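Colleague: Just query.txt, nothing more (compact mmCIF, N, CA and C atoms):
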```
# COMPACT_ATOMS: atom_id res chain seq x y z
N MET Z 1 7.76 -3.87 -13.19
CA MET Z 1 8.33 -4.56 -12.06
C MET Z 1 9.01 -3.57 -11.11
N ALA Z 2 9.63 -2.55 -11.71
CA ALA Z 2 10.29 -1.54 -10.89
C ALA Z 2 9.28 -0.80 -10.03
N ALA Z 3 8.10 -0.54 -10.59
CA ALA Z 3 7.07 0.16 -9.82
C ALA Z 3 6.59 -0.71 -8.67
N LEU Z 4 6.47 -2.02 -8.90
CA LEU Z 4 6.07 -2.92 -7.82
C LEU Z 4 7.11 -2.92 -6.71
N ALA Z 5 8.35 -2.93 -7.10
CA ALA Z 5 9.41 -2.94 -6.11
C ALA Z 5 9.42 -1.64 -5.30
N ALA Z 6 8.89 -0.58 -5.88
CA ALA Z 6 8.86 0.70 -5.19
C ALA Z 6 7.72 0.79 -4.17
N LEU Z 7 6.74 -0.13 -4.27
CA LEU Z 7 5.60 -0.09 -3.35
C LEU Z 7 5.73 -1.19 -2.29
N ALA Z 8 5.57 -0.86 -1.02
CA ALA Z 8 5.49 -1.82 0.07
C ALA Z 8 5.06 -1.10 1.32
N PHE Z 9 3.89 -1.48 2.03
CA PHE Z 9 3.28 -0.65 3.06
C PHE Z 9 2.63 -1.42 4.23
N ALA Z 10 2.23 -0.72 5.44
CA ALA Z 10 1.54 -1.32 6.60
C ALA Z 10 0.69 -0.34 7.39
N PHE Z 11 -0.27 -0.83 8.32
CA PHE Z 11 -1.29 -0.02 9.01
C PHE Z 11 -1.23 -0.11 10.53
N SER Z 12 -1.91 0.86 11.20
CA SER Z 12 -2.09 0.82 12.64
C SER Z 12 -3.44 1.40 12.99
N GLY Z 13 -3.86 1.24 14.26
CA GLY Z 13 -5.18 1.68 14.68
C GLY Z 13 -5.31 3.19 14.76
N CYS Z 14 -6.56 3.65 14.87
CA CYS Z 14 -6.85 5.08 14.96
C CYS Z 14 -7.10 5.47 16.40
N LYS Z 15 -6.88 6.73 16.71
CA LYS Z 15 -7.16 7.28 18.03
C LYS Z 15 -8.63 7.69 18.08
N PRO Z 16 -9.27 7.60 19.25
CA PRO Z 16 -10.66 8.03 19.34
C PRO Z 16 -10.79 9.54 19.13
N ASP Z 17 -11.96 9.97 18.59
CA ASP Z 17 -12.26 11.40 18.45
C ASP Z 17 -12.34 12.05 19.82
N ASN Z 18 -13.02 11.37 20.72
CA ASN Z 18 -13.24 11.89 22.06
C ASN Z 18 -12.84 10.80 23.05
N PRO Z 19 -11.63 10.86 23.60
CA PRO Z 19 -11.16 9.81 24.49
C PRO Z 19 -12.08 9.57 25.68
N GLU Z 20 -12.77 10.62 26.15
CA GLU Z 20 -13.66 10.46 27.30
C GLU Z 20 -14.85 9.59 26.94
N GLU Z 21 -15.31 9.66 25.70
CA GLU Z 21 -16.46 8.88 25.28
C GLU Z 21 -16.05 7.62 24.53
N GLY Z 22 -14.75 7.49 24.19
CA GLY Z 22 -14.26 6.31 23.48
C GLY Z 22 -14.75 6.23 22.05
N GLY Z 23 -15.09 7.38 21.45
CA GLY Z 23 -15.60 7.41 20.08
C GLY Z 23 -14.53 7.05 19.07
N GLU Z 24 -14.95 6.56 17.92
CA GLU Z 24 -14.03 6.20 16.84
C GLU Z 24 -13.70 7.43 16.02
N GLN Z 25 -12.44 7.56 15.62
CA GLN Z 25 -12.02 8.64 14.74
C GLN Z 25 -11.96 8.11 13.32
N THR Z 26 -12.47 8.87 12.39
CA THR Z 26 -12.37 8.51 10.99
C THR Z 26 -10.96 8.85 10.52
N PRO Z 27 -10.27 7.89 9.85
CA PRO Z 27 -8.93 8.20 9.36
C PRO Z 27 -8.95 9.41 8.44
N LYS Z 28 -7.88 10.20 8.48
CA LYS Z 28 -7.77 11.39 7.63
C LYS Z 28 -7.46 11.01 6.19
N SER Z 29 -6.76 9.91 5.99
CA SER Z 29 -6.37 9.49 4.66
C SER Z 29 -7.33 8.44 4.11
N PRO Z 30 -7.80 8.61 2.88
CA PRO Z 30 -8.66 7.58 2.29
C PRO Z 30 -7.89 6.30 1.99
N LEU Z 31 -6.57 6.35 2.06
CA LEU Z 31 -5.74 5.17 1.83
C LEU Z 31 -5.63 4.29 3.08
N ALA Z 32 -5.96 4.85 4.25
CA ALA Z 32 -5.77 4.12 5.51
C ALA Z 32 -6.43 2.75 5.46
N GLY Z 33 -5.69 1.74 5.88
CA GLY Z 33 -6.18 0.37 5.90
C GLY Z 33 -5.20 -0.56 5.21
N SER Z 34 -5.65 -1.79 5.00
CA SER Z 34 -4.83 -2.83 4.37
C SER Z 34 -5.32 -3.10 2.96
N TRP Z 35 -4.40 -3.33 2.06
CA TRP Z 35 -4.70 -3.56 0.65
C TRP Z 35 -3.88 -4.73 0.14
N GLU Z 36 -4.46 -5.53 -0.76
CA GLU Z 36 -3.77 -6.66 -1.37
C GLU Z 36 -3.71 -6.45 -2.88
N LEU Z 37 -2.53 -6.65 -3.47
CA LEU Z 37 -2.35 -6.54 -4.91
C LEU Z 37 -3.19 -7.62 -5.60
N THR Z 38 -4.02 -7.20 -6.57
CA THR Z 38 -4.84 -8.16 -7.30
C THR Z 38 -4.55 -8.17 -8.79
N GLY Z 39 -3.86 -7.16 -9.29
CA GLY Z 39 -3.57 -7.14 -10.71
C GLY Z 39 -2.54 -6.10 -11.08
N VAL Z 40 -1.83 -6.40 -12.17
CA VAL Z 40 -0.82 -5.49 -12.71
C VAL Z 40 -1.06 -5.38 -14.20
N ALA Z 41 -1.24 -4.17 -14.67
CA ALA Z 41 -1.36 -3.92 -16.11
C ALA Z 41 -0.15 -3.10 -16.51
N THR Z 42 0.62 -3.61 -17.44
CA THR Z 42 1.84 -2.92 -17.84
C THR Z 42 2.08 -3.12 -19.32
N LYS Z 43 2.75 -2.18 -19.92
CA LYS Z 43 3.11 -2.29 -21.33
C LYS Z 43 4.49 -2.92 -21.47
N VAL Z 44 5.11 -3.25 -20.35
CA VAL Z 44 6.43 -3.87 -20.35
C VAL Z 44 6.28 -5.29 -19.83
N SER Z 45 6.84 -6.26 -20.53
CA SER Z 45 6.74 -7.65 -20.11
C SER Z 45 7.59 -7.89 -18.87
N VAL Z 46 7.00 -8.51 -17.84
CA VAL Z 46 7.74 -8.85 -16.63
C VAL Z 46 7.88 -10.36 -16.49
N GLY Z 47 7.51 -11.11 -17.52
CA GLY Z 47 7.65 -12.56 -17.47
C GLY Z 47 6.57 -13.21 -16.66
N ASN Z 48 6.83 -14.45 -16.27
CA ASN Z 48 5.86 -15.24 -15.50
C ASN Z 48 6.25 -15.34 -14.04
N VAL Z 49 6.67 -14.25 -13.46
CA VAL Z 49 7.10 -14.23 -12.07
C VAL Z 49 5.90 -13.90 -11.18
N ASP Z 50 5.65 -14.75 -10.19
CA ASP Z 50 4.57 -14.47 -9.24
C ASP Z 50 4.99 -13.35 -8.31
N VAL Z 51 4.10 -12.38 -8.14
CA VAL Z 51 4.36 -11.24 -7.26
C VAL Z 51 3.21 -11.15 -6.27
N SER Z 52 3.54 -11.00 -4.99
CA SER Z 52 2.54 -10.83 -3.95
C SER Z 52 2.89 -9.59 -3.15
N VAL Z 53 1.93 -8.65 -3.04
CA VAL Z 53 2.18 -7.39 -2.35
C VAL Z 53 0.99 -7.06 -1.45
N TYR Z 54 1.28 -6.67 -0.23
CA TYR Z 54 0.27 -6.17 0.70
C TYR Z 54 0.72 -4.79 1.17
N LEU Z 55 -0.21 -3.85 1.19
CA LEU Z 55 0.07 -2.49 1.64
C LEU Z 55 -0.68 -2.24 2.93
N LEU Z 56 -0.06 -1.52 3.84
CA LEU Z 56 -0.70 -1.14 5.09
C LEU Z 56 -0.43 0.35 5.29
N PHE Z 57 -1.50 1.16 5.35
CA PHE Z 57 -1.37 2.60 5.50
C PHE Z 57 -2.03 3.07 6.80
N THR Z 58 -1.37 3.98 7.49
CA THR Z 58 -2.01 4.78 8.54
C THR Z 58 -2.26 6.13 7.89
N ASP Z 59 -2.51 7.16 8.67
CA ASP Z 59 -2.72 8.49 8.08
C ASP Z 59 -1.44 9.07 7.49
N THR Z 60 -0.26 8.64 7.97
CA THR Z 60 0.99 9.22 7.49
C THR Z 60 2.09 8.19 7.20
N ASP Z 61 1.94 6.97 7.66
CA ASP Z 61 2.98 5.95 7.53
C ASP Z 61 2.49 4.79 6.67
N PHE Z 62 3.45 4.04 6.13
CA PHE Z 62 3.10 2.86 5.36
C PHE Z 62 4.03 1.71 5.70
N GLU Z 63 3.56 0.53 5.40
CA GLU Z 63 4.36 -0.69 5.40
C GLU Z 63 3.98 -1.45 4.14
N ILE Z 64 4.98 -2.03 3.50
CA ILE Z 64 4.76 -2.86 2.31
C ILE Z 64 5.36 -4.23 2.60
N TYR Z 65 4.60 -5.25 2.27
CA TYR Z 65 5.06 -6.62 2.37
C TYR Z 65 5.06 -7.16 0.95
N GLN Z 66 6.25 -7.53 0.45
CA GLN Z 66 6.39 -7.90 -0.95
C GLN Z 66 7.17 -9.19 -1.10
N LYS Z 67 6.66 -10.05 -1.97
CA LYS Z 67 7.36 -11.29 -2.32
C LYS Z 67 7.37 -11.40 -3.83
N ILE Z 68 8.55 -11.54 -4.42
CA ILE Z 68 8.70 -11.72 -5.85
C ILE Z 68 9.24 -13.12 -6.08
N GLY Z 69 8.47 -13.94 -6.80
CA GLY Z 69 8.85 -15.32 -7.03
C GLY Z 69 8.71 -16.13 -5.75
N GLU Z 70 9.55 -17.13 -5.61
CA GLU Z 70 9.52 -17.98 -4.42
C GLU Z 70 10.27 -17.31 -3.28
N GLY Z 71 10.05 -17.78 -2.08
CA GLY Z 71 10.80 -17.26 -0.95
C GLY Z 71 9.91 -16.58 0.06
N ARG Z 72 10.50 -15.65 0.77
CA ARG Z 72 9.82 -14.97 1.87
C ARG Z 72 9.46 -13.54 1.49
N TYR Z 73 8.64 -12.92 2.32
CA TYR Z 73 8.26 -11.54 2.12
C TYR Z 73 9.34 -10.60 2.66
N THR Z 74 9.48 -9.46 2.00
CA THR Z 74 10.35 -8.39 2.47
C THR Z 74 9.46 -7.24 2.91
N LYS Z 75 9.79 -6.64 4.05
CA LYS Z 75 9.01 -5.53 4.58
C LYS Z 75 9.75 -4.22 4.32
N PHE Z 76 9.00 -3.24 3.80
CA PHE Z 76 9.50 -1.88 3.60
C PHE Z 76 8.58 -0.97 4.40
N GLU Z 77 9.13 0.14 4.90
CA GLU Z 77 8.28 1.08 5.64
C GLU Z 77 8.80 2.49 5.48
N GLY Z 78 7.94 3.44 5.85
CA GLY Z 78 8.30 4.85 5.75
C GLY Z 78 7.08 5.73 5.91
N THR Z 79 7.15 6.90 5.30
CA THR Z 79 6.05 7.86 5.38
C THR Z 79 5.56 8.18 3.97
N TYR Z 80 4.32 8.68 3.89
CA TYR Z 80 3.77 9.02 2.59
C TYR Z 80 2.92 10.27 2.69
N VAL Z 81 2.64 10.84 1.51
CA VAL Z 81 1.76 12.00 1.40
C VAL Z 81 0.75 11.69 0.29
N TYR Z 82 -0.53 11.86 0.62
CA TYR Z 82 -1.58 11.74 -0.38
C TYR Z 82 -2.06 13.15 -0.66
N GLY Z 83 -1.78 13.66 -1.86
CA GLY Z 83 -2.06 15.04 -2.19
C GLY Z 83 -3.48 15.30 -2.64
N SER Z 84 -3.88 16.54 -2.57
CA SER Z 84 -5.22 16.95 -3.03
C SER Z 84 -5.38 16.72 -4.53
N ASP Z 85 -4.26 16.58 -5.25
CA ASP Z 85 -4.31 16.27 -6.68
C ASP Z 85 -4.39 14.77 -6.94
N LYS Z 86 -4.70 13.99 -5.89
CA LYS Z 86 -4.86 12.53 -5.96
C LYS Z 86 -3.59 11.84 -6.43
N THR Z 87 -2.46 12.28 -5.88
CA THR Z 87 -1.19 11.61 -6.12
C THR Z 87 -0.63 11.11 -4.80
N LEU Z 88 0.13 10.05 -4.89
CA LEU Z 88 0.73 9.41 -3.73
C LEU Z 88 2.24 9.38 -3.92
N SER Z 89 2.97 9.87 -2.93
CA SER Z 89 4.43 9.82 -2.96
C SER Z 89 4.91 9.65 -1.53
N GLY Z 90 6.17 9.31 -1.37
CA GLY Z 90 6.66 9.13 -0.01
C GLY Z 90 8.15 8.90 0.05
N LYS Z 91 8.57 8.50 1.25
CA LYS Z 91 9.98 8.18 1.50
C LYS Z 91 10.05 6.91 2.32
N TYR Z 92 10.95 6.03 1.90
CA TYR Z 92 11.23 4.84 2.70
C TYR Z 92 11.97 5.26 3.96
N SER Z 93 12.09 4.37 4.92
CA SER Z 93 12.75 4.70 6.18
C SER Z 93 14.21 5.08 5.98
N ASN Z 94 14.82 4.69 4.85
CA ASN Z 94 16.20 5.09 4.56
C ASN Z 94 16.26 6.42 3.80
N SER Z 95 15.13 7.14 3.74
CA SER Z 95 14.98 8.46 3.08
C SER Z 95 14.93 8.40 1.56
N ARG Z 96 14.92 7.22 0.97
CA ARG Z 96 14.83 7.11 -0.49
C ARG Z 96 13.39 7.44 -0.92
N PRO Z 97 13.23 8.43 -1.82
CA PRO Z 97 11.88 8.82 -2.25
C PRO Z 97 11.30 7.85 -3.27
N TRP Z 98 9.97 7.82 -3.37
CA TRP Z 98 9.26 7.06 -4.40
C TRP Z 98 8.03 7.84 -4.84
N GLY Z 99 7.52 7.49 -6.03
CA GLY Z 99 6.34 8.14 -6.58
C GLY Z 99 6.73 9.28 -7.50
N PRO Z 100 5.77 10.07 -7.89
CA PRO Z 100 4.37 10.04 -7.48
C PRO Z 100 3.53 9.06 -8.32
N TYR Z 101 2.58 8.43 -7.65
CA TYR Z 101 1.61 7.54 -8.28
C TYR Z 101 0.29 8.29 -8.39
N ALA Z 102 -0.40 8.12 -9.50
CA ALA Z 102 -1.77 8.63 -9.63
C ALA Z 102 -2.66 7.63 -8.89
N VAL Z 103 -3.60 8.15 -8.09
CA VAL Z 103 -4.46 7.31 -7.26
C VAL Z 103 -5.89 7.40 -7.77
N GLU Z 104 -6.52 6.24 -7.91
CA GLU Z 104 -7.93 6.20 -8.30
C GLU Z 104 -8.65 5.15 -7.47
N PHE Z 105 -9.76 5.54 -6.87
CA PHE Z 105 -10.59 4.63 -6.09
C PHE Z 105 -11.83 4.25 -6.91
N ALA Z 106 -12.26 2.99 -6.80
CA ALA Z 106 -13.54 2.59 -7.38
C ALA Z 106 -14.65 3.23 -6.56
N SER Z 107 -15.84 3.26 -7.09
CA SER Z 107 -16.96 3.95 -6.42
C SER Z 107 -17.26 3.36 -5.04
N ASP Z 108 -16.96 2.08 -4.81
CA ASP Z 108 -17.21 1.47 -3.50
C ASP Z 108 -16.05 1.65 -2.53
N ASN Z 109 -14.96 2.31 -2.97
CA ASN Z 109 -13.75 2.54 -2.16
C ASN Z 109 -13.08 1.26 -1.69
N LYS Z 110 -13.38 0.13 -2.33
CA LYS Z 110 -12.76 -1.14 -1.96
C LYS Z 110 -11.74 -1.61 -3.01
N THR Z 111 -11.59 -0.83 -4.06
CA THR Z 111 -10.60 -1.11 -5.09
C THR Z 111 -9.79 0.15 -5.33
N LEU Z 112 -8.49 -0.01 -5.36
CA LEU Z 112 -7.54 1.09 -5.48
C LEU Z 112 -6.63 0.80 -6.67
N THR Z 113 -6.44 1.79 -7.53
CA THR Z 113 -5.50 1.66 -8.63
C THR Z 113 -4.41 2.71 -8.47
N LEU Z 114 -3.15 2.25 -8.49
CA LEU Z 114 -1.98 3.13 -8.41
C LEU Z 114 -1.27 3.05 -9.75
N SER Z 115 -1.11 4.20 -10.41
CA SER Z 115 -0.51 4.24 -11.74
C SER Z 115 0.73 5.12 -11.76
N ILE Z 116 1.74 4.61 -12.47
CA ILE Z 116 2.96 5.38 -12.69
C ILE Z 116 3.54 4.92 -14.02
N GLY Z 117 3.89 5.85 -14.86
CA GLY Z 117 4.44 5.49 -16.16
C GLY Z 117 3.50 4.57 -16.92
N ASN Z 118 4.01 3.44 -17.38
CA ASN Z 118 3.22 2.48 -18.14
C ASN Z 118 2.55 1.42 -17.28
N GLU Z 119 2.61 1.56 -15.98
CA GLU Z 119 2.10 0.51 -15.10
C GLU Z 119 0.92 1.00 -14.27
N ALA Z 120 -0.06 0.12 -14.10
CA ALA Z 120 -1.21 0.38 -13.23
C ALA Z 120 -1.41 -0.84 -12.35
N ASP Z 121 -1.27 -0.68 -11.04
CA ASP Z 121 -1.41 -1.78 -10.08
C ASP Z 121 -2.75 -1.64 -9.37
N THR Z 122 -3.49 -2.74 -9.30
CA THR Z 122 -4.81 -2.74 -8.68
C THR Z 122 -4.75 -3.49 -7.36
N TYR Z 123 -5.37 -2.91 -6.34
CA TYR Z 123 -5.41 -3.48 -5.00
C TYR Z 123 -6.86 -3.56 -4.53
N ARG Z 124 -7.15 -4.56 -3.70
CA ARG Z 124 -8.46 -4.64 -3.07
C ARG Z 124 -8.29 -4.47 -1.57
N LYS Z 125 -9.26 -3.81 -0.96
CA LYS Z 125 -9.22 -3.55 0.49
C LYS Z 125 -9.47 -4.86 1.22
N ILE Z 126 -8.67 -5.13 2.25
CA ILE Z 126 -8.83 -6.32 3.06
C ILE Z 126 -8.85 -5.91 4.53
N ASP Z 127 -9.28 -6.83 5.40
CA ASP Z 127 -9.35 -6.51 6.83
C ASP Z 127 -7.98 -6.23 7.44
N SER Z 128 -6.99 -7.05 7.07
CA SER Z 128 -5.64 -6.87 7.60
C SER Z 128 -4.67 -7.70 6.77
N VAL Z 129 -3.40 -7.39 6.91
CA VAL Z 129 -2.37 -8.19 6.26
C VAL Z 129 -2.40 -9.57 6.93
N PRO Z 130 -2.48 -10.66 6.16
CA PRO Z 130 -2.59 -12.00 6.76
C PRO Z 130 -1.41 -12.33 7.67
N GLN Z 131 -1.71 -13.04 8.74
CA GLN Z 131 -0.67 -13.46 9.68
C GLN Z 131 0.38 -14.34 9.00
N THR Z 132 -0.04 -15.10 7.98
CA THR Z 132 0.91 -15.96 7.25
C THR Z 132 1.98 -15.11 6.56
N VAL Z 133 1.62 -13.90 6.16
CA VAL Z 133 2.61 -12.98 5.56
C VAL Z 133 3.58 -12.52 6.63
N MET Z 134 3.04 -12.09 7.77
CA MET Z 134 3.89 -11.61 8.88
C MET Z 134 4.84 -12.71 9.36
N ASP Z 135 4.37 -13.95 9.33
CA ASP Z 135 5.17 -15.07 9.80
C ASP Z 135 6.22 -15.51 8.77
N ASN Z 136 6.14 -14.96 7.55
CA ASN Z 136 7.01 -15.38 6.46
C ASN Z 136 7.92 -14.23 6.00
N LEU Z 137 8.38 -13.40 6.95
CA LEU Z 137 9.26 -12.28 6.62
C LEU Z 137 10.73 -12.70 6.68
N TYR Z 138 11.57 -12.03 5.88
CA TYR Z 138 13.01 -12.21 5.99
C TYR Z 138 13.45 -11.69 7.32
```
For this file, produce the structure as structure tokens.

Modeller:
Amino acid sequence: MAALAALAFAFSGCKPDNPEEGGEQTPKSPLAGSWELTGVATKVSVGNVDVSVYLLFTDTDFEIYQKIGEGRYTKFEGTYVYGSDKTLSGKYSNSRPWGPYAVEFASDNKTLTLSIGNEADTYRKIDSVPQTVMDNLY
């Protein structure tokens, strides 16, 4: 549960490669985009609490939308680094550090697993964080 609380992220658009031609730029980070939590595997019991998490990554920034149990979503944001050793770490906007998480992508790059300690959180790539989440923030 502590690892879930440490994750919360968001995304933005990319700049064109060639502004004169309006070409699309490929994001530098393979994490760029929106992700939805689909599963948690842990060796520690967290009870029967519903957890909903959406991550949004740009090439350097993140936003996390998290809801634990009933109520509204909480938004966290900051910066992150995805290392060549396939680890993810960062700092929240209040400078509090988090990570490092081991990062693993499925072969189709539409499933992401973030592991730390005894916990492995699985996310699926989605088009965007749902508007219902944005409308349900504290």

Colleague: Could you tell me how far atom C of Leu55 (chain Z) lies from atom C of Ser34 (chain Z), in Å and to one decimal?

Modeller: 4.7 Å

Colleague: Here's a test: counting only N, CA and C atoms, identify every protein, DNA and RNA residue with an atom at most 8 Å from (-9.8, -7.7, 4.0) in the file's coordinate frame, and state them as a list in words.

Modeller: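 Residues close enough to count: Ser34, Trp35, Glu36, Arg124, Lys125, Ile126, Asp127, Ser128 and Val129 of chain Z.
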
Colleague: Between Z:Thr60, Z:Asn118, Z:Ser52, Z:Thr113, single out the one closest to Tyr82 (chain Z), counting all atoms listed in the file.

Modeller: Z:Thr60

Colleague: Atom C of Val81 (chain Z) and atom C of Asp61 (chain Z) are how many Å apart?

Modeller: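 We find that atom C of Val81 (chain Z) and atom C of Asp61 (chain Z) lie 9.6 Å from each other.
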
Colleague: In Å, with one decimal, what is the gap from CA of Val40 (chain Z) to CA of Ser115 (chain Z)?

Modeller: 9.8 Å

Colleague: May I ask which of the residues Z:Asn109, Z:Leu137, Z:Val51, Z:Lys91 is the closest one to Ala32 (chain Z), counting only C-alpha atoms?

Modeller: Z:Asn109

Colleague: Pick from Z:Val49, Z:Lys110, Z:Glu70, Z:Ser84: nearest to Gly33 (chain Z), with only C-alpha atoms counted?

Modeller: Z:Lys110
